[in-house]
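Everything below belongs to start-v7.cif, which stores mmCIF, C-alpha atoms and all ligand atoms.
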data_upload
#
loop_
_atom_site.label_atom_id
_atom_site.label_comp_id
_atom_site.auth_asym_id
_atom_site.auth_seq_id
_atom_site.Cartn_x
_atom_site.Cartn_y
_atom_site.Cartn_z
CA MET F 1 12.98 141.79 -86.30
CA THR F 2 12.49 144.64 -83.82
CA LEU F 3 11.25 143.74 -80.35
CA ASN F 4 9.16 146.45 -78.71
CA VAL F 5 9.65 146.35 -74.95
CA ALA F 6 7.38 147.84 -72.30
CA VAL F 7 8.82 148.41 -68.84
CA LEU F 8 6.78 148.88 -65.67
CA GLY F 9 8.86 150.78 -63.12
CA TYR F 10 11.43 153.50 -63.63
CA ARG F 11 13.40 153.74 -60.43
CA PHE F 12 16.34 151.53 -59.42
CA MET F 13 15.53 148.45 -61.51
CA GLY F 14 14.03 150.57 -64.32
CA LYS F 15 17.36 152.32 -64.66
CA ALA F 16 19.33 149.08 -64.53
CA HIS F 17 17.28 147.43 -67.30
CA ALA F 18 16.98 150.56 -69.47
CA ASN F 19 20.76 150.88 -69.33
CA ALA F 20 21.04 147.25 -70.39
CA LEU F 21 18.64 147.74 -73.32
CA ALA F 22 20.62 150.77 -74.47
CA ARG F 23 23.95 148.89 -74.32
CA LEU F 24 22.77 145.84 -76.32
CA PRO F 25 23.17 147.21 -79.88
CA MET F 26 26.55 148.71 -78.97
CA PHE F 27 28.10 145.61 -77.45
CA PHE F 28 26.04 142.62 -78.56
CA PRO F 29 25.56 143.07 -82.32
CA ASP F 30 23.91 139.64 -82.57
CA ALA F 31 21.20 140.63 -80.04
CA PRO F 32 17.76 141.22 -81.51
CA ASP F 33 16.99 144.79 -82.39
CA VAL F 34 15.16 146.29 -79.40
CA ARG F 35 13.03 149.37 -79.04
CA ARG F 36 12.40 150.95 -75.64
CA HIS F 37 8.73 151.33 -76.51
CA THR F 38 6.73 152.33 -73.41
CA LEU F 39 7.60 153.18 -69.83
CA ILE F 40 4.80 152.53 -67.36
CA GLY F 41 4.25 154.24 -64.00
CA ARG F 42 1.66 156.16 -62.02
CA ASP F 43 3.06 159.66 -61.52
CA GLU F 44 2.78 161.32 -64.93
CA ASP F 45 5.39 164.03 -64.39
CA ALA F 46 8.01 161.74 -62.90
CA LEU F 47 7.23 159.17 -65.60
CA ALA F 48 7.67 161.67 -68.44
CA ALA F 49 11.02 162.80 -67.02
CA ALA F 50 12.16 159.18 -66.58
CA ALA F 51 11.07 158.20 -70.10
CA ASP F 52 13.06 161.09 -71.48
CA ARG F 53 16.15 160.18 -69.47
CA LEU F 54 15.93 156.44 -70.08
CA GLY F 55 15.12 156.68 -73.78
CA PHE F 56 11.53 155.41 -74.02
CA ALA F 57 9.35 156.51 -76.93
CA HIS F 58 6.03 156.48 -75.02
CA THR F 59 4.63 156.50 -71.48
CA ALA F 60 1.50 154.94 -70.00
CA THR F 61 -0.08 155.07 -66.57
CA ASP F 62 -1.99 151.81 -67.03
CA TRP F 63 -0.19 148.60 -68.02
CA ARG F 64 -3.47 147.19 -69.41
CA GLU F 65 -3.32 149.66 -72.31
CA VAL F 66 0.16 148.59 -73.32
CA ILE F 67 0.45 144.84 -73.17
CA ASP F 68 -1.14 144.10 -76.55
CA ASP F 69 1.17 146.55 -78.32
CA VAL F 70 4.53 145.09 -77.31
CA ASP F 71 6.72 142.03 -77.83
CA ALA F 72 8.02 141.79 -74.26
CA PHE F 73 6.85 143.08 -70.89
CA TYR F 74 9.26 143.85 -68.05
CA ASN F 75 7.65 143.89 -64.63
CA LEU F 76 10.00 145.86 -62.39
CA GLY F 77 7.39 147.11 -59.94
CA PRO F 78 7.22 146.39 -56.21
CA ASN F 79 6.57 142.76 -55.35
CA HIS F 80 2.80 143.15 -54.84
CA VAL F 81 2.37 144.25 -58.46
CA HIS F 82 4.25 141.29 -59.90
CA ALA F 83 1.34 138.87 -60.25
CA GLU F 84 -1.55 140.59 -62.01
CA PRO F 85 0.23 142.34 -64.91
CA SER F 86 2.62 139.41 -65.46
CA ILE F 87 -0.24 136.91 -65.61
CA ALA F 88 -2.20 139.18 -67.98
CA ALA F 89 0.82 139.50 -70.28
CA LEU F 90 1.39 135.74 -70.34
CA GLU F 91 -2.30 135.15 -71.06
CA ALA F 92 -1.97 137.55 -74.00
CA GLY F 93 1.06 135.55 -75.21
CA VAL F 94 3.55 138.31 -74.38
CA PRO F 95 6.93 137.22 -72.92
CA VAL F 96 7.58 138.51 -69.40
CA LEU F 97 10.74 139.34 -67.49
CA CYS F 98 9.71 139.88 -63.86
CA GLU F 99 11.93 141.15 -61.06
CA LYS F 100 12.65 138.95 -58.04
CA PRO F 101 11.32 137.63 -55.76
CA LEU F 102 8.62 136.23 -58.02
CA ALA F 103 5.82 137.30 -55.67
CA PRO F 104 5.14 138.42 -52.10
CA THR F 105 3.35 135.17 -51.27
CA LEU F 106 3.54 131.53 -52.29
CA ALA F 107 -0.12 131.72 -53.39
CA ASP F 108 0.69 134.49 -55.91
CA ALA F 109 3.77 132.57 -57.02
CA VAL F 110 1.58 129.51 -57.71
CA ARG F 111 -0.71 131.60 -59.93
CA MET F 112 2.28 133.02 -61.79
CA ARG F 113 3.88 129.60 -62.24
CA ASP F 114 0.59 128.20 -63.56
CA ALA F 115 0.11 131.12 -65.97
CA ALA F 116 3.62 130.51 -67.28
CA GLU F 117 2.93 126.81 -67.73
CA SER F 118 -0.23 127.49 -69.74
CA SER F 119 1.35 130.16 -71.93
CA ASP F 120 3.53 129.73 -75.01
CA ALA F 121 5.34 132.94 -74.07
CA LEU F 122 8.61 132.96 -72.13
CA ALA F 123 8.25 133.70 -68.43
CA ALA F 124 11.56 134.74 -66.88
CA CYS F 125 12.57 135.94 -63.45
CA ALA F 126 15.32 138.54 -63.21
CA PHE F 127 17.84 136.86 -60.91
CA ASN F 128 20.66 138.94 -62.38
CA TYR F 129 23.48 137.34 -60.39
CA ARG F 130 23.25 134.22 -62.54
CA PHE F 131 24.81 136.41 -65.22
CA VAL F 132 27.98 137.30 -63.32
CA PRO F 133 30.73 135.73 -65.49
CA ALA F 134 32.56 134.39 -62.40
CA LEU F 135 29.44 132.55 -61.26
CA ARG F 136 28.83 131.08 -64.71
CA TYR F 137 32.43 129.94 -64.67
CA ALA F 138 31.90 128.46 -61.19
CA LYS F 139 28.87 126.55 -62.41
CA GLY F 140 30.94 125.15 -65.30
CA LEU F 141 33.59 123.92 -62.85
CA ILE F 142 30.95 122.27 -60.66
CA ASP F 143 29.18 120.66 -63.64
CA ASP F 144 32.54 119.35 -64.91
CA GLY F 145 33.09 117.67 -61.54
CA LYS F 146 36.16 119.80 -60.75
CA ILE F 147 35.31 120.03 -57.04
CA GLY F 148 33.80 116.58 -56.81
CA GLU F 149 30.62 115.72 -55.02
CA ILE F 150 28.96 118.73 -53.42
CA ARG F 151 28.78 118.59 -49.65
CA GLN F 152 28.27 122.12 -48.34
CA ILE F 153 27.02 125.48 -49.61
CA ARG F 154 27.15 128.77 -47.70
CA ALA F 155 25.39 131.88 -49.02
CA ARG F 156 25.36 135.17 -47.16
CA TYR F 157 23.92 138.50 -48.34
CA LEU F 158 24.58 141.50 -46.10
CA GLN F 159 23.52 145.13 -46.47
CA ASP F 160 23.37 148.06 -44.04
CA TRP F 161 20.79 150.52 -45.32
CA LEU F 162 18.34 149.87 -42.45
CA VAL F 163 20.87 150.02 -39.59
CA ASP F 164 19.65 153.50 -38.66
CA PRO F 165 16.25 153.18 -36.92
CA ASP F 166 15.36 156.52 -38.51
CA ALA F 167 15.96 155.27 -42.04
CA PRO F 168 12.63 155.97 -43.77
CA TRP F 169 9.80 153.46 -44.14
CA SER F 170 9.22 152.18 -47.68
CA TRP F 171 7.19 149.41 -49.35
CA ARG F 172 10.17 147.14 -48.70
CA ASN F 173 9.24 147.27 -44.97
CA ASP F 174 5.66 146.17 -45.52
CA ALA F 175 4.54 142.55 -45.55
CA GLU F 176 1.51 143.22 -47.79
CA MET F 177 3.61 144.82 -50.50
CA ALA F 178 6.96 143.08 -50.16
CA GLY F 179 6.00 139.71 -48.67
CA SER F 180 9.12 139.53 -46.56
CA GLY F 181 12.18 141.69 -45.89
CA ALA F 182 15.81 140.58 -46.12
CA LEU F 183 14.48 137.09 -46.75
CA GLY F 184 12.68 137.79 -50.04
CA ASP F 185 14.76 140.74 -51.19
CA LEU F 186 18.20 139.25 -50.62
CA GLY F 187 17.66 135.64 -49.60
CA ALA F 188 15.86 134.97 -52.89
CA HIS F 189 19.13 135.73 -54.71
CA SER F 190 21.10 133.36 -52.46
CA VAL F 191 18.64 130.50 -52.81
CA ASP F 192 18.50 130.99 -56.57
CA LEU F 193 22.29 130.99 -56.84
CA ALA F 194 22.55 127.84 -54.73
CA ARG F 195 20.03 126.12 -57.03
CA PHE F 196 21.86 127.44 -60.11
CA LEU F 197 25.27 126.28 -58.93
CA VAL F 198 24.55 122.92 -57.36
CA GLY F 199 20.93 122.08 -58.22
CA GLU F 200 21.81 119.75 -61.07
CA GLN F 201 23.92 117.65 -58.76
CA ALA F 202 22.29 118.13 -55.36
CA GLY F 203 18.63 118.38 -56.44
CA GLY F 204 16.26 120.80 -54.72
CA VAL F 205 16.23 122.00 -51.13
CA ASP F 206 14.49 119.21 -49.24
CA ARG F 207 14.09 120.50 -45.68
CA ILE F 208 14.96 123.67 -43.85
CA SER F 209 15.06 125.39 -40.50
CA GLY F 210 14.80 129.17 -40.48
CA HIS F 211 14.74 132.16 -38.19
CA LEU F 212 13.58 135.72 -38.92
CA GLN F 213 14.15 138.81 -36.80
CA THR F 214 12.85 142.39 -36.92
CA PHE F 215 14.99 144.76 -34.89
CA THR F 216 13.21 148.05 -35.65
CA GLU F 217 9.44 147.82 -35.25
CA GLU F 218 8.46 151.15 -36.84
CA ARG F 219 10.03 153.70 -39.10
CA PRO F 220 9.38 157.37 -39.96
CA VAL F 221 7.54 158.25 -43.15
CA GLU F 222 9.65 160.65 -45.15
CA GLY F 223 8.32 164.20 -45.22
CA SER F 224 5.81 163.75 -42.37
CA ASP F 225 5.65 163.25 -38.58
CA GLU F 226 4.03 159.87 -39.06
CA THR F 227 5.65 156.49 -38.41
CA ARG F 228 4.57 153.17 -39.90
CA PRO F 229 5.04 149.64 -38.60
CA VAL F 230 7.73 147.41 -40.05
CA THR F 231 6.01 144.11 -40.75
CA VAL F 232 8.89 142.24 -42.38
CA ASP F 233 12.20 140.82 -41.19
CA ASP F 234 15.41 142.87 -40.99
CA ALA F 235 17.45 139.67 -41.07
CA TYR F 236 17.09 135.91 -41.45
CA THR F 237 19.20 132.79 -41.07
CA ALA F 238 18.47 129.26 -42.27
CA GLN F 239 20.08 125.87 -42.45
CA ALA F 240 18.98 123.48 -45.14
CA GLU F 241 19.45 120.03 -46.56
CA PHE F 242 19.37 119.32 -50.30
CA GLU F 243 17.86 116.12 -51.74
CA SER F 244 21.38 114.72 -52.18
CA GLY F 245 22.16 115.24 -48.49
CA ALA F 246 24.31 118.32 -49.21
CA MET F 247 24.06 120.91 -46.43
CA ALA F 248 23.53 124.64 -46.85
CA THR F 249 23.42 127.70 -44.66
CA PHE F 250 21.75 130.88 -45.82
CA GLU F 251 21.83 134.28 -44.17
CA ALA F 252 20.81 137.83 -45.12
CA SER F 253 20.48 141.13 -43.34
CA ARG F 254 19.77 144.75 -44.09
CA VAL F 255 21.16 145.85 -40.71
CA THR F 256 24.82 144.78 -40.80
CA PRO F 257 27.05 147.87 -40.41
CA GLY F 258 29.96 147.93 -42.81
CA HIS F 259 28.34 145.73 -45.45
CA LYS F 260 26.85 147.57 -48.42
CA ASN F 261 26.07 144.85 -50.93
CA ASP F 262 28.07 141.92 -49.70
CA HIS F 263 26.82 138.72 -51.30
CA SER F 264 29.14 135.79 -50.87
CA VAL F 265 28.75 132.17 -51.83
CA THR F 266 31.05 129.28 -50.97
CA VAL F 267 30.70 125.72 -52.25
CA HIS F 268 32.67 122.78 -50.86
CA GLY F 269 32.90 119.44 -52.65
CA THR F 270 34.82 116.24 -52.00
CA ASP F 271 37.69 117.44 -54.25
CA GLY F 272 37.75 121.19 -53.81
CA SER F 273 36.06 124.46 -52.95
CA LEU F 274 34.89 127.61 -54.72
CA ARG F 275 34.45 131.03 -53.14
CA PHE F 276 32.78 134.11 -54.63
CA SER F 277 32.11 137.61 -53.32
CA LEU F 278 30.00 140.17 -55.16
CA GLU F 279 32.37 142.84 -53.82
CA ARG F 280 35.08 141.28 -56.02
CA LEU F 281 32.85 140.13 -58.82
CA ASN F 282 35.58 139.76 -61.42
CA GLU F 283 37.25 137.07 -59.36
CA LEU F 284 36.56 133.51 -58.34
CA GLU F 285 38.57 131.75 -55.67
CA VAL F 286 39.19 128.17 -56.67
CA MET F 287 40.73 125.33 -54.70
CA THR F 288 40.99 122.00 -56.49
CA GLY F 289 43.06 118.84 -56.51
CA ASP F 290 46.24 118.90 -54.48
CA ALA F 291 46.43 122.68 -54.14
CA ARG F 292 47.02 123.73 -50.54
CA GLY F 293 44.78 126.76 -50.68
CA TYR F 294 42.59 128.91 -52.88
CA GLU F 295 43.88 130.36 -56.13
CA THR F 296 42.27 133.63 -57.26
CA VAL F 297 41.13 133.38 -60.85
CA LEU F 298 40.48 136.67 -62.62
CA VAL F 299 37.37 135.89 -64.62
CA THR F 300 37.93 138.43 -67.37
CA ASP F 301 39.72 136.23 -69.84
CA GLU F 302 38.56 133.40 -72.06
CA SER F 303 36.74 131.90 -69.08
CA ASP F 304 34.26 134.81 -69.26
CA PRO F 305 31.46 133.81 -71.64
CA TYR F 306 30.79 137.49 -72.45
CA VAL F 307 34.41 138.73 -72.73
CA GLU F 308 34.26 139.18 -76.51
CA ALA F 309 31.41 141.64 -76.16
CA TRP F 310 33.23 143.99 -73.81
CA TRP F 311 36.84 145.00 -73.29
CA PRO F 312 40.18 143.23 -73.71
CA PRO F 313 40.81 140.63 -70.96
CA GLY F 314 41.59 142.17 -67.57
CA HIS F 315 39.38 145.21 -68.08
CA VAL F 316 36.94 144.55 -65.29
CA LEU F 317 33.15 144.51 -65.40
CA GLY F 318 30.65 145.86 -62.83
CA TRP F 319 27.22 145.22 -61.35
CA GLU F 320 25.36 146.81 -64.27
CA HIS F 321 26.87 144.34 -66.74
CA THR F 322 24.92 141.52 -65.11
CA PHE F 323 21.73 143.18 -66.37
CA VAL F 324 23.14 143.55 -69.88
CA HIS F 325 23.97 139.84 -70.00
CA GLU F 326 20.56 138.95 -68.59
CA ASN F 327 18.73 141.14 -71.13
CA TYR F 328 20.86 139.74 -73.94
CA GLU F 329 20.01 136.15 -73.02
CA PHE F 330 16.33 136.86 -72.38
CA LEU F 331 15.68 138.84 -75.57
CA SER F 332 17.72 136.41 -77.68
CA ALA F 333 15.53 133.61 -76.33
CA VAL F 334 12.38 135.64 -77.08
CA ALA F 335 13.57 136.12 -80.68
CA SER F 336 14.72 132.53 -81.22
CA GLY F 337 12.03 130.71 -79.26
CA ASP F 338 14.72 128.98 -77.18
CA GLU F 339 14.33 128.20 -73.48
CA PHE F 340 15.50 130.67 -70.86
CA SER F 341 16.40 130.20 -67.26
CA PRO F 342 15.76 131.35 -64.59
CA SER F 343 12.13 130.74 -65.53
CA PHE F 344 9.00 131.26 -63.44
CA ALA F 345 9.31 127.58 -62.51
CA ASP F 346 12.81 128.27 -61.13
CA ALA F 347 11.57 131.34 -59.29
CA TYR F 348 8.65 129.35 -57.89
CA ALA F 349 11.10 126.78 -56.51
CA VAL F 350 12.94 129.64 -54.78
CA GLN F 351 9.64 130.94 -53.41
CA GLU F 352 8.87 127.53 -51.93
CA VAL F 353 12.12 127.73 -49.98
CA LEU F 354 11.38 131.27 -48.77
CA ASP F 355 7.93 130.15 -47.67
CA ALA F 356 9.36 127.13 -45.88
CA ILE F 357 11.80 129.38 -43.98
CA GLU F 358 8.85 131.49 -42.77
CA ARG F 359 6.89 128.37 -41.83
CA SER F 360 9.85 127.05 -39.89
CA ASP F 361 10.28 130.37 -38.08
CA GLU F 362 6.60 130.27 -37.06
CA SER F 363 6.65 126.67 -35.89
CA GLY F 364 10.15 126.67 -34.40
CA GLU F 365 10.83 123.40 -36.22
CA TRP F 366 12.49 122.02 -39.33
CA VAL F 367 9.97 121.84 -42.19
CA SER F 368 9.98 120.09 -45.53
CA VAL F 369 10.00 122.45 -48.48
CA ARG F 370 7.35 120.68 -50.54
C1 LIG F 401 17.98 146.25 -52.24
O1 LIG F 401 18.17 145.56 -51.08
C2 LIG F 401 18.57 145.59 -53.49
O2 LIG F 401 18.44 146.53 -54.50
C3 LIG F 401 17.85 144.31 -53.94
O3 LIG F 401 16.47 144.54 -54.15
C4 LIG F 401 18.50 143.79 -55.20
O4 LIG F 401 17.89 142.63 -55.66
C5 LIG F 401 19.99 143.55 -54.92
O5 LIG F 401 20.61 143.14 -56.11
C6 LIG F 401 20.65 144.77 -54.41
O6 LIG F 401 19.94 145.28 -53.31
#

I need this file expressed as structure tokens, please.
Ligand code: SOE
Amino acid sequence: MTLNVAVLGYRFMGKAHANALARLPMFFPDAPDVRRHTLIGRDEDALAAAADRLGFAHTATDWREVIDDVDAFYNLGPNHVHAEPSIAALEAGVPVLCEKPLAPTLADAVRMRDAAESSDALAACAFNYRFVPALRYAKGLIDDGKIGEIRQIRARYLQDWLVDPDAPWSWRNDAEMAGSGALGDLGAHSVDLARFLVGEQAGGVDRISGHLQTFTEERPVEGSDETRPVTVDDAYTAQAEFESGAMATFEASRVTPGHKNDHSVTVHGTDGSLRFSLERLNELEVMTGDARGYETVLVTDESDPYVEAWWPPGHVLGWEHTFVHENYEFLSAVASGDEFSPSFADAYAVQEVLDAIERSDESGEWVSVR
């Protein structure tokens, strides 16, 4: 069976997913046969060049013309174009893989969650960090009770690309298009990972207190003398309580000098701790039992669920491999009819937390997530 895939968006995420689709037949021979069918975008010239480079057979400037012709639809556009095409695809029974965060607003996320619930097609959200082997290994340790009962989670995602006040304005600085800033772009990953790692044991996030800050109020528009207002946060912090009583702190920023893509997650239980940093993604720091400190486990041996597909143990993987694993799992589920997570329901649960953080910032008080 060949799955024809249409992809909306051809920049950063378009490249990451097209690379993944191209790698599948080389490294995952049991993956369904996939055809990069149509690349969708608005600028015809740029689109044609991207389709050529990324290996797509066709291009289209309107997603409506494509959805009925394909077996899966990837929505990799800016956040404000997540809802309408994804809902239309699900209504047509076409499986969707949508980039994160699910939507710019909770209201859009509700519509997307509902469309997914009423459709027989798979609705997946592309939280690629769930497919880092070290984090899958960490989840296995937590589920096996190796660190005991979960008490504390700390997730921090720091970048620096907006430190310079003259860094150009983009849709990511606009509340209408992006929803929020560091919160939705980066915080969504942290909240999803916390749910992935400890959700089974700790339940959902119950209540939260959050704070958002914008340090640069306007930014220059590239290629003109104009400036535009920044209507999203540059950074956020939050403290949360899970249903089990476990405590979490979340933090993200796009204005932290010296941090390029520094996502770190620490989990403490009654019997041990786990520590992960995206900057050392082949490793997991593990402290269990009577050990007096963390041991660094190189997750490129039999503990890596994808090791067979790649290189001999010890030959490290990178950021792009997370997309290959994600595409492998998603398309395999499309072909087999199996479940896939993270689903739209998972992404909606993340969106509820993001929304609660904004509500808390506005009210200056702790708020309940539901
Ligand atoms: C930009 O901040 C960005 O590309 C995010 O949008 C991604 O989700 C993250 O993985 C890397 O940084």

Residue nearest F:Glu295 among F:Leu274, F:Ala48, F:Ile142, F:Ile208 (counting all atoms listed in the file):
F:Leu274

Report, as lines of an AutoDock Vina configuration file, the centre and edge lengths in Å (one decimal) of the axis-aligned box enclosing every listed atom of ligand LIG 401 (chain F), padded by 4 Å on each side.
center_x = 18.6
center_y = 144.6
center_z = -53.6
size_x = 12.2
size_y = 11.9
size_z = 13.0

Can you list every residue of chain F that has an atom at most 7 Å from ligand LIG 401 (chain F), with its nearest atom pair and the distance in Å to one decimal, using all atoms listed in the file, ordered by chain then number, as CSV?
residue,atom,partner,partner_atom,distance
F:Lys100,CA,F:LIG401,O4,6.8
F:Asp185,CA,F:LIG401,O3,5.1
F:Leu186,CA,F:LIG401,C3,6.1
F:Asn261,CA,F:LIG401,C6,6.4

Please indicate the distance in Å from atom CA of F:Pro85 to atom CA of F:Trp63, rounded to one decimal place.
7.0 Å

Got a sec: who's within 6 Å of stretch 111-121 of chain F, counting only C-alpha atoms, leaving out chain neighbours fewer than 6 positions off, as an MDAnalysis selection string?
chainID F and resid 87 90 93:95 344:345

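Taking atom CA of F:Phe330 as the reference point, atom CA of F:Glu200 is found at 21.2 Å.
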
Non-local contacts of F:Thr266 (6 Å; all atoms listed in the file; under 2 positions in same chain excluded) as a list in words
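Listed by chain and then number, they are Ile153, Arg154, Leu274 and Arg275 of chain F.
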
Please provide the set of residues having any atom within 7 Å of F:Ala126, restricted to only C-alpha atoms, with same-chain residues fewer than 5 positions apart removed, written as JSON, numbers by chain.
{"F": [97, 98, 99, 100]}

Using only C-alpha atoms, which residues sit within 9 Å of stretch 336-341 of chain F once same-chain residues fewer than 2 positions away are excluded, as a list in words?
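The residues satisfying every condition are Ala121, Leu122, Ala123, Ala124, Cys125, Glu329, Phe330, Leu331, Ser332, Ala333, Val334, Ser343, Phe344, Ala345 and Asp346 of chain F.
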
Among the residues F:Gln152, F:Phe242, F:Thr2, F:Leu76, the one that comes closest to F:Ala16 [using only C-alpha atoms]
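Smallest separation from F:Ala16 among the options: F:Leu76.
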